[in-house]
file model.json (JSON, C-alpha atoms)
[["chain", "number", "residue", "atom", "x", "y", "z"],
["X", 1, "MET", "CA", 8.81, 35.68, -44.91],
["X", 2, "PRO", "CA", 6.16, 33.54, -43.16],
["X", 3, "GLY", "CA", 6.70, 30.02, -42.07],
["X", 4, "GLY", "CA", 9.94, 28.32, -41.21],
["X", 5, "ARG", "CA", 11.79, 25.05, -41.25],
["X", 6, "LEU", "CA", 9.54, 22.00, -41.21],
["X", 7, "ASP", "CA", 10.83, 18.45, -41.00],
["X", 8, "ASP", "CA", 8.93, 15.23, -40.46],
["X", 9, "GLU", "CA", 9.48, 11.47, -40.44],
["X", 10, "ASN", "CA", 9.12, 11.28, -44.21],
["X", 11, "SER", "CA", 11.76, 13.91, -44.94],
["X", 12, "ALA", "CA", 14.12, 12.48, -42.30],
["X", 13, "ARG", "CA", 14.18, 9.13, -44.12],
["X", 14, "LEU", "CA", 15.08, 10.64, -47.49],
["X", 15, "ALA", "CA", 18.63, 10.92, -48.79],
["X", 16, "LEU", "CA", 18.59, 14.70, -48.86],
["X", 17, "PRO", "CA", 21.15, 17.18, -47.50],
["X", 18, "LYS", "CA", 20.00, 18.03, -43.98],
["X", 19, "THR", "CA", 22.98, 19.30, -41.97],
["X", 20, "TYR", "CA", 21.84, 22.80, -41.06],
["X", 21, "GLY", "CA", 24.39, 25.46, -41.97],
["X", 22, "VAL", "CA", 26.65, 22.98, -43.78],
["X", 23, "ASP", "CA", 24.75, 21.60, -46.77],
["X", 24, "ASP", "CA", 21.26, 22.83, -45.81],
["X", 25, "LEU", "CA", 21.13, 26.63, -46.01],
["X", 26, "PRO", "CA", 18.08, 28.85, -45.40],
["X", 27, "VAL", "CA", 18.01, 31.95, -47.64],
["X", 28, "MET", "CA", 15.29, 34.53, -46.94],
["X", 29, "VAL", "CA", 14.49, 36.70, -49.94],
["X", 30, "GLN", "CA", 11.35, 37.85, -51.73],
["X", 31, "ASP", "CA", 9.73, 39.29, -54.84],
["X", 32, "VAL", "CA", 12.41, 38.10, -57.23],
["X", 33, "THR", "CA", 13.35, 35.54, -59.88],
["X", 34, "PHE", "CA", 16.31, 33.30, -58.98],
["X", 35, "GLY", "CA", 18.62, 31.48, -61.10],
["X", 36, "PHE", "CA", 22.46, 30.95, -60.76],
["X", 37, "ASP", "CA", 24.83, 33.31, -62.63],
["X", 38, "ASP", "CA", 26.16, 30.41, -64.73],
["X", 39, "ASP", "CA", 22.61, 29.24, -65.56],
["X", 40, "ARG", "CA", 23.21, 25.86, -63.97],
["X", 41, "ALA", "CA", 20.16, 23.70, -63.42],
["X", 42, "PHE", "CA", 18.91, 22.88, -59.94],
["X", 43, "ASP", "CA", 16.18, 20.65, -58.59],
["X", 44, "LEU", "CA", 13.09, 22.15, -57.00],
["X", 45, "VAL", "CA", 12.06, 19.65, -54.31],
["X", 46, "GLY", "CA", 9.76, 21.66, -52.04],
["X", 47, "THR", "CA", 7.43, 24.65, -52.01],
["X", 48, "ASP", "CA", 5.49, 26.56, -49.33],
["X", 49, "GLY", "CA", 4.05, 23.56, -47.51],
["X", 50, "GLY", "CA", 6.48, 20.71, -48.08],
["X", 51, "LEU", "CA", 8.06, 18.32, -50.54],
["X", 52, "LEU", "CA", 6.86, 17.92, -54.12],
["X", 53, "ALA", "CA", 5.56, 14.62, -55.42],
["X", 54, "ALA", "CA", 8.53, 14.64, -57.83],
["X", 55, "PRO", "CA", 11.54, 16.98, -58.18],
["X", 56, "ALA", "CA", 11.50, 19.49, -61.03],
["X", 57, "SER", "CA", 14.69, 20.50, -62.84],
["X", 58, "MET", "CA", 14.92, 24.20, -63.75],
["X", 59, "ASN", "CA", 17.31, 27.13, -63.87],
["X", 60, "ARG", "CA", 14.90, 29.88, -62.72],
["X", 61, "VAL", "CA", 12.30, 30.02, -59.97],
["X", 62, "GLN", "CA", 10.11, 33.07, -59.36],
["X", 63, "LEU", "CA", 9.02, 33.98, -55.83],
["X", 64, "SER", "CA", 6.61, 36.67, -54.72],
["X", 65, "PRO", "CA", 6.58, 37.83, -51.08],
["X", 66, "GLY", "CA", 5.73, 34.96, -48.77],
["X", 67, "GLU", "CA", 6.36, 32.13, -51.26],
["X", 68, "ARG", "CA", 9.06, 29.59, -50.45],
["X", 69, "ALA", "CA", 11.09, 27.19, -52.56],
["X", 70, "GLU", "CA", 13.52, 24.46, -51.62],
["X", 71, "VAL", "CA", 16.14, 23.71, -54.25],
["X", 72, "VAL", "CA", 19.03, 21.27, -54.41],
["X", 73, "VAL", "CA", 22.19, 22.37, -56.20],
["X", 74, "THR", "CA", 25.00, 20.06, -57.29],
["X", 75, "MET", "CA", 28.49, 21.45, -56.69],
["X", 76, "ARG", "CA", 31.71, 20.07, -58.14],
["X", 77, "PRO", "CA", 35.03, 20.23, -56.28],
["X", 78, "GLY", "CA", 36.49, 23.75, -56.34],
["X", 79, "GLU", "CA", 33.45, 25.31, -58.05],
["X", 80, "ARG", "CA", 31.96, 28.70, -57.28],
["X", 81, "THR", "CA", 28.56, 29.96, -58.30],
["X", 82, "VAL", "CA", 26.39, 32.93, -57.36],
["X", 83, "LEU", "CA", 22.69, 32.84, -56.56],
["X", 84, "ARG", "CA", 21.33, 35.91, -58.32],
["X", 85, "SER", "CA", 18.05, 37.79, -58.36],
["X", 86, "TYR", "CA", 16.94, 38.53, -61.91],
["X", 87, "PRO", "CA", 14.27, 40.96, -63.17],
["X", 88, "TRP", "CA", 10.66, 40.08, -62.34],
["X", 89, "ARG", "CA", 9.13, 38.50, -65.42],
["X", 90, "ASP", "CA", 5.53, 39.64, -64.84],
["X", 91, "GLY", "CA", 3.99, 43.08, -64.56],
["X", 92, "ASN", "CA", 3.77, 46.17, -66.73],
["X", 93, "GLY", "CA", 6.49, 48.67, -67.59],
["X", 94, "TRP", "CA", 5.70, 50.94, -64.65],
["X", 95, "GLU", "CA", 5.91, 48.04, -62.27],
["X", 96, "ARG", "CA", 9.25, 46.88, -63.61],
["X", 97, "ARG", "CA", 10.80, 50.33, -63.95],
["X", 98, "PHE", "CA", 9.69, 52.04, -60.73],
["X", 99, "ASN", "CA", 9.01, 49.13, -58.39],
["X", 100, "GLY", "CA", 12.40, 47.41, -58.61],
["X", 101, "GLY", "CA", 11.26, 44.85, -61.16],
["X", 102, "ASP", "CA", 14.18, 45.57, -63.50],
["X", 103, "TYR", "CA", 16.87, 45.11, -60.86],
["X", 104, "SER", "CA", 19.43, 42.32, -60.63],
["X", 105, "PHE", "CA", 21.58, 41.67, -57.59],
["X", 106, "ASP", "CA", 23.67, 38.90, -56.10],
["X", 107, "VAL", "CA", 22.24, 37.06, -53.10],
["X", 108, "LEU", "CA", 25.07, 34.75, -52.09],
["X", 109, "GLN", "CA", 28.10, 32.95, -53.46],
["X", 110, "LEU", "CA", 28.54, 29.21, -53.01],
["X", 111, "ARG", "CA", 32.13, 27.96, -52.79],
["X", 112, "ALA", "CA", 32.82, 24.24, -52.97],
["X", 113, "ALA", "CA", 35.87, 22.82, -51.25],
["X", 114, "GLU", "CA", 38.58, 21.16, -53.32],
["X", 115, "ARG", "CA", 37.51, 17.78, -51.96],
["X", 116, "LEU", "CA", 33.86, 16.81, -51.53],
["X", 117, "ARG", "CA", 32.08, 13.77, -50.20],
["X", 118, "PRO", "CA", 29.79, 12.15, -52.79],
["X", 119, "SER", "CA", 26.04, 12.57, -52.36],
["X", 120, "PRO", "CA", 23.20, 10.27, -53.38],
["X", 121, "GLU", "CA", 20.81, 11.09, -56.18],
["X", 122, "VAL", "CA", 17.77, 13.21, -55.41],
["X", 123, "PRO", "CA", 14.81, 10.95, -54.55],
["X", 124, "GLY", "CA", 12.60, 10.56, -57.58],
["X", 125, "ARG", "CA", 9.32, 10.82, -55.68],
["X", 126, "PRO", "CA", 10.05, 12.46, -52.30],
["X", 127, "ALA", "CA", 6.41, 13.01, -51.40],
["X", 128, "ALA", "CA", 4.69, 10.40, -53.55],
["X", 129, "ASP", "CA", 2.98, 8.87, -50.53],
["X", 130, "ARG", "CA", 1.61, 12.26, -49.45],
["X", 131, "GLY", "CA", -0.05, 13.38, -52.67],
["X", 132, "LEU", "CA", -3.56, 12.78, -51.35],
["X", 133, "GLU", "CA", -3.09, 15.57, -48.82],
["X", 134, "LEU", "CA", -3.76, 18.16, -51.53],
["X", 135, "PRO", "CA", -7.46, 18.95, -52.02],
["X", 136, "ASP", "CA", -9.12, 18.19, -55.33],
["X", 137, "ALA", "CA", -11.59, 20.39, -57.20],
["X", 138, "ASP", "CA", -13.97, 17.46, -57.65],
["X", 139, "ASP", "CA", -14.57, 17.45, -53.89],
["X", 140, "ALA", "CA", -15.47, 21.15, -53.71],
["X", 141, "VAL", "CA", -18.85, 22.00, -52.18],
["X", 142, "ARG", "CA", -18.80, 25.60, -53.39],
["X", 143, "SER", "CA", -16.71, 28.26, -55.11],
["X", 144, "ARG", "CA", -15.96, 31.86, -54.16],
["X", 145, "PRO", "CA", -14.64, 34.78, -56.26],
["X", 146, "PHE", "CA", -11.92, 37.14, -55.01],
["X", 147, "GLU", "CA", -11.24, 40.29, -57.01],
["X", 148, "LEU", "CA", -7.82, 41.73, -56.17],
["X", 149, "ARG", "CA", -7.80, 45.44, -56.73],
["X", 150, "ARG", "CA", -6.40, 48.12, -54.45],
["X", 151, "PRO", "CA", -7.32, 49.23, -51.90],
["X", 152, "GLY", "CA", -9.29, 46.09, -51.06],
["X", 153, "ILE", "CA", -10.50, 42.63, -52.00],
["X", 154, "ASN", "CA", -13.92, 42.23, -53.60],
["X", 155, "GLY", "CA", -14.32, 45.98, -53.45],
["X", 156, "GLN", "CA", -13.87, 46.25, -49.68],
["X", 157, "PRO", "CA", -10.81, 47.29, -47.68],
["X", 158, "MET", "CA", -10.05, 45.35, -44.51],
["X", 159, "ALA", "CA", -12.32, 45.92, -41.49],
["X", 160, "MET", "CA", -11.29, 44.28, -38.21],
["X", 161, "ASP", "CA", -14.90, 43.98, -37.04],
["X", 162, "ARG", "CA", -16.21, 42.37, -40.25],
["X", 163, "ILE", "CA", -16.20, 38.66, -41.15],
["X", 164, "ASP", "CA", -16.13, 38.41, -44.94],
["X", 165, "GLU", "CA", -16.54, 34.67, -45.51],
["X", 166, "THR", "CA", -17.81, 31.66, -43.54],
["X", 167, "VAL", "CA", -16.62, 28.14, -44.40],
["X", 168, "THR", "CA", -17.55, 24.76, -42.95],
["X", 169, "ARG", "CA", -14.86, 22.68, -41.30],
["X", 170, "GLY", "CA", -13.89, 19.55, -43.24],
["X", 171, "THR", "CA", -15.15, 20.84, -46.60],
["X", 172, "THR", "CA", -13.28, 21.67, -49.80],
["X", 173, "GLU", "CA", -13.86, 24.86, -51.78],
["X", 174, "VAL", "CA", -12.54, 26.40, -55.00],
["X", 175, "TRP", "CA", -11.53, 30.05, -54.79],
["X", 176, "THR", "CA", -11.08, 32.04, -57.99],
["X", 177, "LEU", "CA", -8.53, 34.84, -57.70],
["X", 178, "ARG", "CA", -8.71, 37.53, -60.35],
["X", 179, "ASN", "CA", -6.35, 40.47, -60.65],
["X", 180, "GLY", "CA", -8.11, 43.25, -62.50],
["X", 181, "GLY", "CA", -5.91, 45.93, -60.99],
["X", 182, "ASP", "CA", -2.93, 47.95, -62.07],
["X", 183, "MET", "CA", -0.07, 45.74, -60.90],
["X", 184, "THR", "CA", 0.89, 42.27, -59.67],
["X", 185, "HIS", "CA", -0.69, 41.05, -56.44],
["X", 186, "ASN", "CA", -0.41, 37.79, -54.60],
["X", 187, "PHE", "CA", -2.74, 35.89, -52.31],
["X", 188, "HIS", "CA", -1.90, 34.28, -48.96],
["X", 189, "VAL", "CA", -4.40, 32.24, -46.93],
["X", 190, "HIS", "CA", -4.03, 31.41, -43.24],
["X", 191, "ASP", "CA", -5.02, 28.00, -41.81],
["X", 192, "VAL", "CA", -4.63, 25.94, -45.01],
["X", 193, "GLN", "CA", -2.29, 24.62, -47.67],
["X", 194, "PHE", "CA", -3.97, 24.72, -51.05],
["X", 195, "ARG", "CA", -3.61, 23.28, -54.55],
["X", 196, "VAL", "CA", -3.20, 25.62, -57.53],
["X", 197, "LEU", "CA", -5.66, 24.18, -60.07],
["X", 198, "ASP", "CA", -4.88, 26.41, -63.04],
["X", 199, "VAL", "CA", -3.49, 29.77, -64.10],
["X", 200, "ASN", "CA", -5.50, 31.45, -66.86],
["X", 201, "GLY", "CA", -7.12, 28.10, -67.54],
["X", 202, "LYS", "CA", -3.81, 26.26, -68.02],
["X", 203, "ARG", "CA", -2.03, 23.69, -65.89],
["X", 204, "PRO", "CA", 0.29, 25.44, -63.40],
["X", 205, "GLU", "CA", 4.05, 25.31, -63.87],
["X", 206, "PRO", "CA", 6.00, 22.80, -61.70],
["X", 207, "ALA", "CA", 6.81, 25.41, -59.04],
["X", 208, "LEU", "CA", 3.06, 25.79, -58.39],
["X", 209, "ARG", "CA", 2.11, 22.10, -58.22],
["X", 210, "GLY", "CA", 2.99, 21.45, -54.59],
["X", 211, "ARG", "CA", 1.44, 22.45, -51.28],
["X", 212, "LYS", "CA", 0.97, 26.22, -51.38],
["X", 213, "ASP", "CA", -0.27, 28.92, -49.06],
["X", 214, "THR", "CA", 0.81, 31.89, -51.21],
["X", 215, "VAL", "CA", 0.48, 32.39, -54.96],
["X", 216, "ALA", "CA", 1.33, 35.30, -57.28],
["X", 217, "VAL", "CA", -1.52, 36.70, -59.38],
["X", 218, "PRO", "CA", -0.12, 38.89, -62.20],
["X", 219, "MET", "CA", -2.11, 41.79, -63.60],
["X", 220, "GLY", "CA", -5.01, 40.48, -65.69],
["X", 221, "ALA", "CA", -4.50, 36.89, -64.52],
["X", 222, "THR", "CA", -7.00, 34.45, -63.05],
["X", 223, "VAL", "CA", -5.80, 31.73, -60.67],
["X", 224, "ARG", "CA", -8.02, 28.99, -59.26],
["X", 225, "ILE", "CA", -7.09, 27.23, -56.02],
["X", 226, "ALA", "CA", -8.64, 24.32, -54.13],
["X", 227, "LEU", "CA", -8.66, 24.53, -50.32],
["X", 228, "ARG", "CA", -9.74, 22.01, -47.67],
["X", 229, "PHE", "CA", -10.52, 23.47, -44.26],
["X", 230, "ASP", "CA", -9.44, 20.89, -41.70],
["X", 231, "GLY", "CA", -8.08, 23.31, -39.10],
["X", 232, "PRO", "CA", -9.68, 24.35, -35.80],
["X", 233, "SER", "CA", -13.15, 25.88, -36.01],
["X", 234, "ASP", "CA", -14.36, 28.88, -34.02],
["X", 235, "PRO", "CA", -17.13, 31.20, -35.21],
["X", 236, "ASN", "CA", -15.59, 34.08, -33.26],
["X", 237, "ALA", "CA", -11.90, 33.66, -34.20],
["X", 238, "PRO", "CA", -11.25, 34.64, -37.83],
["X", 239, "TYR", "CA", -8.40, 33.65, -40.09],
["X", 240, "MET", "CA", -7.05, 36.04, -42.70],
["X", 241, "TYR", "CA", -6.45, 36.11, -46.43],
["X", 242, "HIS", "CA", -4.49, 38.96, -47.98],
["X", 243, "CYS", "CA", -2.07, 40.25, -50.56],
["X", 244, "HIS", "CA", 1.43, 39.67, -49.17],
["X", 245, "LEU", "CA", 2.98, 42.82, -50.63],
["X", 246, "LEU", "CA", 3.45, 44.93, -47.52],
["X", 247, "SER", "CA", 2.24, 48.24, -48.91],
["X", 248, "HIS", "CA", -0.84, 46.58, -50.41],
["X", 249, "GLU", "CA", -1.94, 44.89, -47.20],
["X", 250, "ASP", "CA", -1.27, 48.14, -45.36],
["X", 251, "ASP", "CA", -3.67, 49.80, -47.82],
["X", 252, "GLY", "CA", -6.39, 47.31, -46.91],
["X", 253, "MET", "CA", -6.00, 44.32, -49.27],
["X", 254, "MET", "CA", -7.02, 41.87, -46.56],
["X", 255, "GLY", "CA", -10.12, 39.97, -45.52],
["X", 256, "GLN", "CA", -11.25, 37.60, -42.76],
["X", 257, "PHE", "CA", -13.00, 34.24, -42.72],
["X", 258, "VAL", "CA", -14.15, 31.93, -39.98],
["X", 259, "VAL", "CA", -14.24, 28.14, -39.98],
["X", 260, "VAL", "CA", -17.40, 26.74, -38.34],
["X", 261, "GLU", "CA", -18.88, 23.33, -37.71],
["X", 262, "LYS", "CA", -21.73, 22.18, -39.92],
["X", 263, "GLY", "CA", -24.85, 24.15, -39.11],
["X", 264, "GLN", "CA", -23.01, 26.88, -37.21],
["X", 265, "ARG", "CA", -23.04, 30.54, -38.18],
["X", 266, "ALA", "CA", -20.30, 33.11, -37.95],
["X", 267, "GLY", "CA", -20.10, 34.90, -34.63],
["X", 268, "GLU", "CA", -18.94, 38.40, -33.87],
["X", 269, "VAL", "CA", -15.37, 39.65, -33.80],
["X", 270, "PRO", "CA", -14.72, 41.41, -30.46],
["X", 271, "ASP", "CA", -13.61, 45.03, -30.56],
["X", 272, "HIS", "CA", -10.20, 44.04, -29.22],
["X", 273, "ALA", "CA", -9.73, 41.25, -31.76],
["X", 274, "GLY", "CA", -6.17, 40.55, -32.73],
["X", 275, "HIS", "CA", -4.49, 37.75, -34.62],
["X", 276, "GLU", "CA", -1.97, 36.49, -32.11],
["X", 277, "GLY", "CA", -3.66, 33.11, -31.99],
["X", 278, "VAL", "CA", -4.37, 32.77, -35.68],
["X", 279, "SER", "CA", -2.48, 30.13, -37.58],
["X", 280, "GLY", "CA", -0.35, 31.21, -40.50],
["X", 281, "GLY", "CA", 1.28, 29.23, -43.27],
["X", 282, "SER", "CA", 3.86, 26.60, -42.49],
["X", 283, "GLY", "CA", 7.21, 26.43, -44.15],
["X", 284, "PRO", "CA", 8.65, 23.82, -46.44],
["X", 285, "SER", "CA", 10.19, 20.54, -45.47],
["X", 286, "PRO", "CA", 13.73, 19.62, -46.38],
["X", 287, "GLY", "CA", 15.05, 18.36, -49.65],
["X", 288, "PRO", "CA", 18.25, 17.83, -51.81],
["X", 289, "ARG", "CA", 20.00, 17.04, -55.07],
["X", 290, "SER", "CA", 23.16, 15.20, -55.94],
["X", 291, "ARG", "CA", 25.39, 13.04, -58.02],
["X", 292, "SER", "CA", 28.20, 10.73, -56.97],
["X", 293, "THR", "CA", 30.71, 13.04, -58.67],
["X", 294, "GLY", "CA", 29.68, 16.08, -56.68],
["X", 295, "HIS", "CA", 28.09, 17.21, -53.47],
["X", 296, "ALA", "CA", 24.45, 18.14, -52.99],
["X", 297, "LEU", "CA", 23.51, 21.37, -51.29],
["X", 298, "THR", "CA", 20.00, 22.38, -50.30],
["X", 299, "CYS", "CA", 19.00, 26.03, -50.46],
["X", 300, "ARG", "CA", 15.69, 27.09, -48.92],
["X", 301, "VAL", "CA", 14.72, 30.33, -50.66]]

call {"tool": "encode", "arguments": {"input": "model.json", "output": "structure tokens"}}
result
Amino acid sequence: MPGGRLDDENSARLALPKTYGVDDLPVMVQDVTFGFDDDRAFDLVGTDGGLLAAPASMNRVQLSPGERAEVVVTMRPGERTVLRSYPWRDGNGWERRFNGGDYSFDVLQLRAAERLRPSPEVPGRPAADRGLELPDADDAVRSRPFELRRPGINGQPMAMDRIDETVTRGTTEVWTLRNGGDMTHNFHVHDVQFRVLDVNGKRPEPALRGRKDTVAVPMGATVRIALRFDGPSDPNAPYMYHCHLLSHEDDGMMGQFVVVEKGQRAGEVPDHAGHEGVSGGSGPSPGPRSRSTGHALTCRV
């Protein structure tokens, strides 16, 4: 699972559970749909790149490999509940039957003490002052299509000595991801956090409205994302985009792009090129949920 814990001044000021290992628990899992075994609601407060503009109440959240979610669960004194992986809701019958998509399993059990300290309510707009950080489609200078179909992207498997795309630093683009293949893929982009504009032409669900660097693209689906390239530029040092399912990227579902200054052209990737210095996605920032009659617990899944 890429990324890790990310806190900043904004999250530190919020009344969210933040005692690591006590009421702030990292849970590393992938490719599953989570909900609790008693179907209790929880608050989604953060995704791949940080806090949401507003918390979203739900009882299921679906994660493909590389995606992250930060949820806040309210526990009452003496309660127990189990975080459970449920069957994957997308994909065809083959994918569900033979690729583990029909499986359910328990991830962890939460046990509340008989006496709990009260917790404050979840902030109503934890990242309201940071909403402008997400790029907007109206600012896009160009669009690019990406066809996800094994064994490659846009009909080409990964080649270490080939630069597939060149983008200009400081600009915004819209990338259209289309899965015309035989099973679910997802799409992870290095260097940026992006906005999911729409899924099959419709507004994305709440879990896809925050800062993202990975998004699932079910079979037959089209997902549009807006990306702003503000990271370091170097015509000779490529970033990567790829499907985050391990076997798929091993098969070649990866590509490379460089970020250049205005007027620059892409350089050449040296024969010994590696990706040790390439920036990946960053993890979510903290978050929480609570009521005065219970105790809030943050789970980063």

call {"tool": "residues_around", "arguments": {"input": "model.json", "residues": "stretch 202-216 of chain X", "least_positions_apart": "6", "cutoff": "9 Å", "atoms": "only C-alpha atoms", "output": "PyMOL selection string"}}
result
chain X and resi 44+46-53+55-56+61-69+131+133-134+184-196+223+243-244+280-282+284

call {"tool": "residues_around", "arguments": {"input": "model.json", "residues": "X:Met240", "least_positions_apart": "2", "cutoff": "8 Å", "atoms": "only C-alpha atoms", "output": "MDAnalysis selection string"}}
result
chainID X and resid 189:190 238 242 254:257

call {"tool": "closest_residue", "arguments": {"input": "model.json", "among": "X:Met75, X:Leu177, X:Met183, X:Leu25", "to": "X:Asn154", "atoms": "all atoms listed in the file"}}
result
X:Leu177

call {"tool": "atom_distance", "arguments": {"input": "model.json", "atom1": "atom CA of X:Arg265", "atom2": "atom CA of X:Asp251"}}
result
29.0 Å

call {"tool": "atom_distance", "arguments": {"input": "model.json", "atom1": "atom CA of X:Thr176", "atom2": "atom CA of X:Gly231"}}
result
21.0 Å

call {"tool": "closest_residue", "arguments": {"input": "model.json", "among": "X:Tyr20, X:Tyr241, X:Phe36, X:Tyr103", "to": "X:Phe146", "atoms": "all atoms listed in the file"}}
result
X:Tyr241

call {"tool": "atom_distance", "arguments": {"input": "model.json", "atom1": "atom CA of X:Ile153", "atom2": "atom CA of X:Gly263"}}
result
26.7 Å

call {"tool": "residues_around", "arguments": {"input": "model.json", "residues": "X:Asn179", "least_positions_apart": "2", "cutoff": "8 Å", "atoms": "all atoms listed in the file", "output": "ChimeraX atom specification"}}
result
/X:147-149,177,181,184-185,217-222

call {"tool": "write_last_selection", "arguments": {"input": "model.json", "atoms": "C-alpha atoms", "output": "PDB file, in the frame of the given file"}}
result
ATOM      1  CA  GLU X 147     -11.240  40.290 -57.010  1.00  0.00           C
ATOM      2  CA  LEU X 148      -7.820  41.730 -56.170  1.00  0.00           C
ATOM      3  CA  ARG X 149      -7.800  45.440 -56.730  1.00  0.00           C
ATOM      4  CA  LEU X 177      -8.530  34.840 -57.700  1.00  0.00           C
ATOM      5  CA  GLY X 181      -5.910  45.930 -60.990  1.00  0.00           C
ATOM      6  CA  THR X 184       0.890  42.270 -59.670  1.00  0.00           C
ATOM      7  CA  HIS X 185      -0.690  41.050 -56.440  1.00  0.00           C
ATOM      8  CA  VAL X 217      -1.520  36.700 -59.380  1.00  0.00           C
ATOM      9  CA  PRO X 218      -0.120  38.890 -62.200  1.00  0.00           C
ATOM     10  CA  MET X 219      -2.110  41.790 -63.600  1.00  0.00           C
ATOM     11  CA  GLY X 220      -5.010  40.480 -65.690  1.00  0.00           C
ATOM     12  CA  ALA X 221      -4.500  36.890 -64.520  1.00  0.00           C
ATOM     13  CA  THR X 222      -7.000  34.450 -63.050  1.00  0.00           C
TER      14      THR X 222
END

call {"tool": "closest_residue", "arguments": {"input": "model.json", "among": "X:Asp37, X:Asp164, X:Ala113, X:Pro118", "to": "X:Thr81", "atoms": "only C-alpha atoms"}}
result
X:Asp37

call {"tool": "residues_around", "arguments": {"input": "model.json", "residues": "stretch 166-175 of chain X", "least_positions_apart": "2", "cutoff": "10 Å", "atoms": "all atoms listed in the file", "output": "compact mmCIF listing (two decimals) with C-alpha atoms, in the frame of the given file"}}
result
# COMPACT_ATOMS: atom_id res chain seq x y z
CA PRO X 135 -7.46 18.95 -52.02
CA ASP X 136 -9.12 18.19 -55.33
CA ALA X 137 -11.59 20.39 -57.20
CA ASP X 138 -13.97 17.46 -57.65
CA ASP X 139 -14.57 17.45 -53.89
CA ALA X 140 -15.47 21.15 -53.71
CA VAL X 141 -18.85 22.00 -52.18
CA ARG X 142 -18.80 25.60 -53.39
CA SER X 143 -16.71 28.26 -55.11
CA ARG X 144 -15.96 31.86 -54.16
CA PRO X 145 -14.64 34.78 -56.26
CA PHE X 146 -11.92 37.14 -55.01
CA ILE X 163 -16.20 38.66 -41.15
CA ASP X 164 -16.13 38.41 -44.94
CA LEU X 177 -8.53 34.84 -57.70
CA ARG X 178 -8.71 37.53 -60.35
CA PHE X 194 -3.97 24.72 -51.05
CA ARG X 195 -3.61 23.28 -54.55
CA VAL X 196 -3.20 25.62 -57.53
CA LEU X 197 -5.66 24.18 -60.07
CA VAL X 223 -5.80 31.73 -60.67
CA ARG X 224 -8.02 28.99 -59.26
CA ILE X 225 -7.09 27.23 -56.02
CA ALA X 226 -8.64 24.32 -54.13
CA LEU X 227 -8.66 24.53 -50.32
CA ARG X 228 -9.74 22.01 -47.67
CA PHE X 229 -10.52 23.47 -44.26
CA ASP X 230 -9.44 20.89 -41.70
CA GLY X 231 -8.08 23.31 -39.10
CA PRO X 232 -9.68 24.35 -35.80
CA SER X 233 -13.15 25.88 -36.01
CA ASP X 234 -14.36 28.88 -34.02
CA PRO X 235 -17.13 31.20 -35.21
CA PRO X 238 -11.25 34.64 -37.83
CA GLN X 256 -11.25 37.60 -42.76
CA PHE X 257 -13.00 34.24 -42.72
CA VAL X 258 -14.15 31.93 -39.98
CA VAL X 259 -14.24 28.14 -39.98
CA VAL X 260 -17.40 26.74 -38.34
CA GLU X 261 -18.88 23.33 -37.71
CA LYS X 262 -21.73 22.18 -39.92
CA GLY X 263 -24.85 24.15 -39.11
CA GLN X 264 -23.01 26.88 -37.21
CA ARG X 265 -23.04 30.54 -38.18
CA ALA X 266 -20.30 33.11 -37.95
CA GLY X 267 -20.10 34.90 -34.63

call {"tool": "closest_residue", "arguments": {"input": "model.json", "among": "X:Ala112, X:Arg150, X:Ala15, X:Gly124", "to": "X:Ser57", "atoms": "only C-alpha atoms"}}
result
X:Gly124

call {"tool": "residues_near_point", "arguments": {"input": "model.json", "point": "(-13.2, 43.9, -38.3)", "cutoff": "8 Å", "atoms": "all atoms listed in the file", "output": "PDB file with C-alpha atoms, in the coordinates of the input"}}
result
ATOM      1  CA  MET X 158     -10.050  45.350 -44.510  1.00  0.00           C
ATOM      2  CA  ALA X 159     -12.320  45.920 -41.490  1.00  0.00           C
ATOM      3  CA  MET X 160     -11.290  44.280 -38.210  1.00  0.00           C
ATOM      4  CA  ASP X 161     -14.900  43.980 -37.040  1.00  0.00           C
ATOM      5  CA  ARG X 162     -16.210  42.370 -40.250  1.00  0.00           C
ATOM      6  CA  ILE X 163     -16.200  38.660 -41.150  1.00  0.00           C
ATOM      7  CA  GLN X 256     -11.250  37.600 -42.760  1.00  0.00           C
ATOM      8  CA  VAL X 269     -15.370  39.650 -33.800  1.00  0.00           C
ATOM      9  CA  ASP X 271     -13.610  45.030 -30.560  1.00  0.00           C
ATOM     10  CA  ALA X 273      -9.730  41.250 -31.760  1.00  0.00           C
TER      11      ALA X 273
END

call {"tool": "residues_around", "arguments": {"input": "model.json", "residues": "X:Glu114", "least_positions_apart": "5", "cutoff": "10 Å", "atoms": "only C-alpha atoms", "output": "list in words"}}
result
Arg76, Pro77, Gly78 and Glu79 of chain X

call {"tool": "closest_residue", "arguments": {"input": "model.json", "among": "X:Arg60, X:Val71, X:Phe34, X:Asp39", "to": "X:Ser85", "atoms": "all atoms listed in the file"}}
result
X:Phe34

call {"tool": "decode", "arguments": {"input": "model.json", "residues": "stretch 264-268 of chain X", "atoms": "N, CA and C atoms", "output": "short mmCIF file (atom, residue, chain, number, x, y, z; two decimals), in the first residue's frame"}}
result
data_model
loop_
_atom_site.label_atom_id
_atom_site.label_comp_id
_atom_site.auth_asym_id
_atom_site.auth_seq_id
_atom_site.Cartn_x
_atom_site.Cartn_y
_atom_site.Cartn_z
N GLN X 264 10.14 23.36 -23.07
CA GLN X 264 11.07 22.25 -23.05
C GLN X 264 10.48 21.02 -23.74
N ARG X 265 11.36 20.12 -24.16
CA ARG X 265 10.94 18.85 -24.72
C ARG X 265 11.42 17.72 -23.80
N ALA X 266 10.81 16.57 -23.96
CA ALA X 266 11.23 15.41 -23.20
C ALA X 266 12.65 15.03 -23.60
N GLY X 267 13.43 14.58 -22.61
CA GLY X 267 14.78 14.14 -22.88
C GLY X 267 14.81 12.65 -23.16
N GLU X 268 15.90 12.03 -22.80
CA GLU X 268 16.06 10.60 -22.99
C GLU X 268 16.25 9.92 -21.64
#
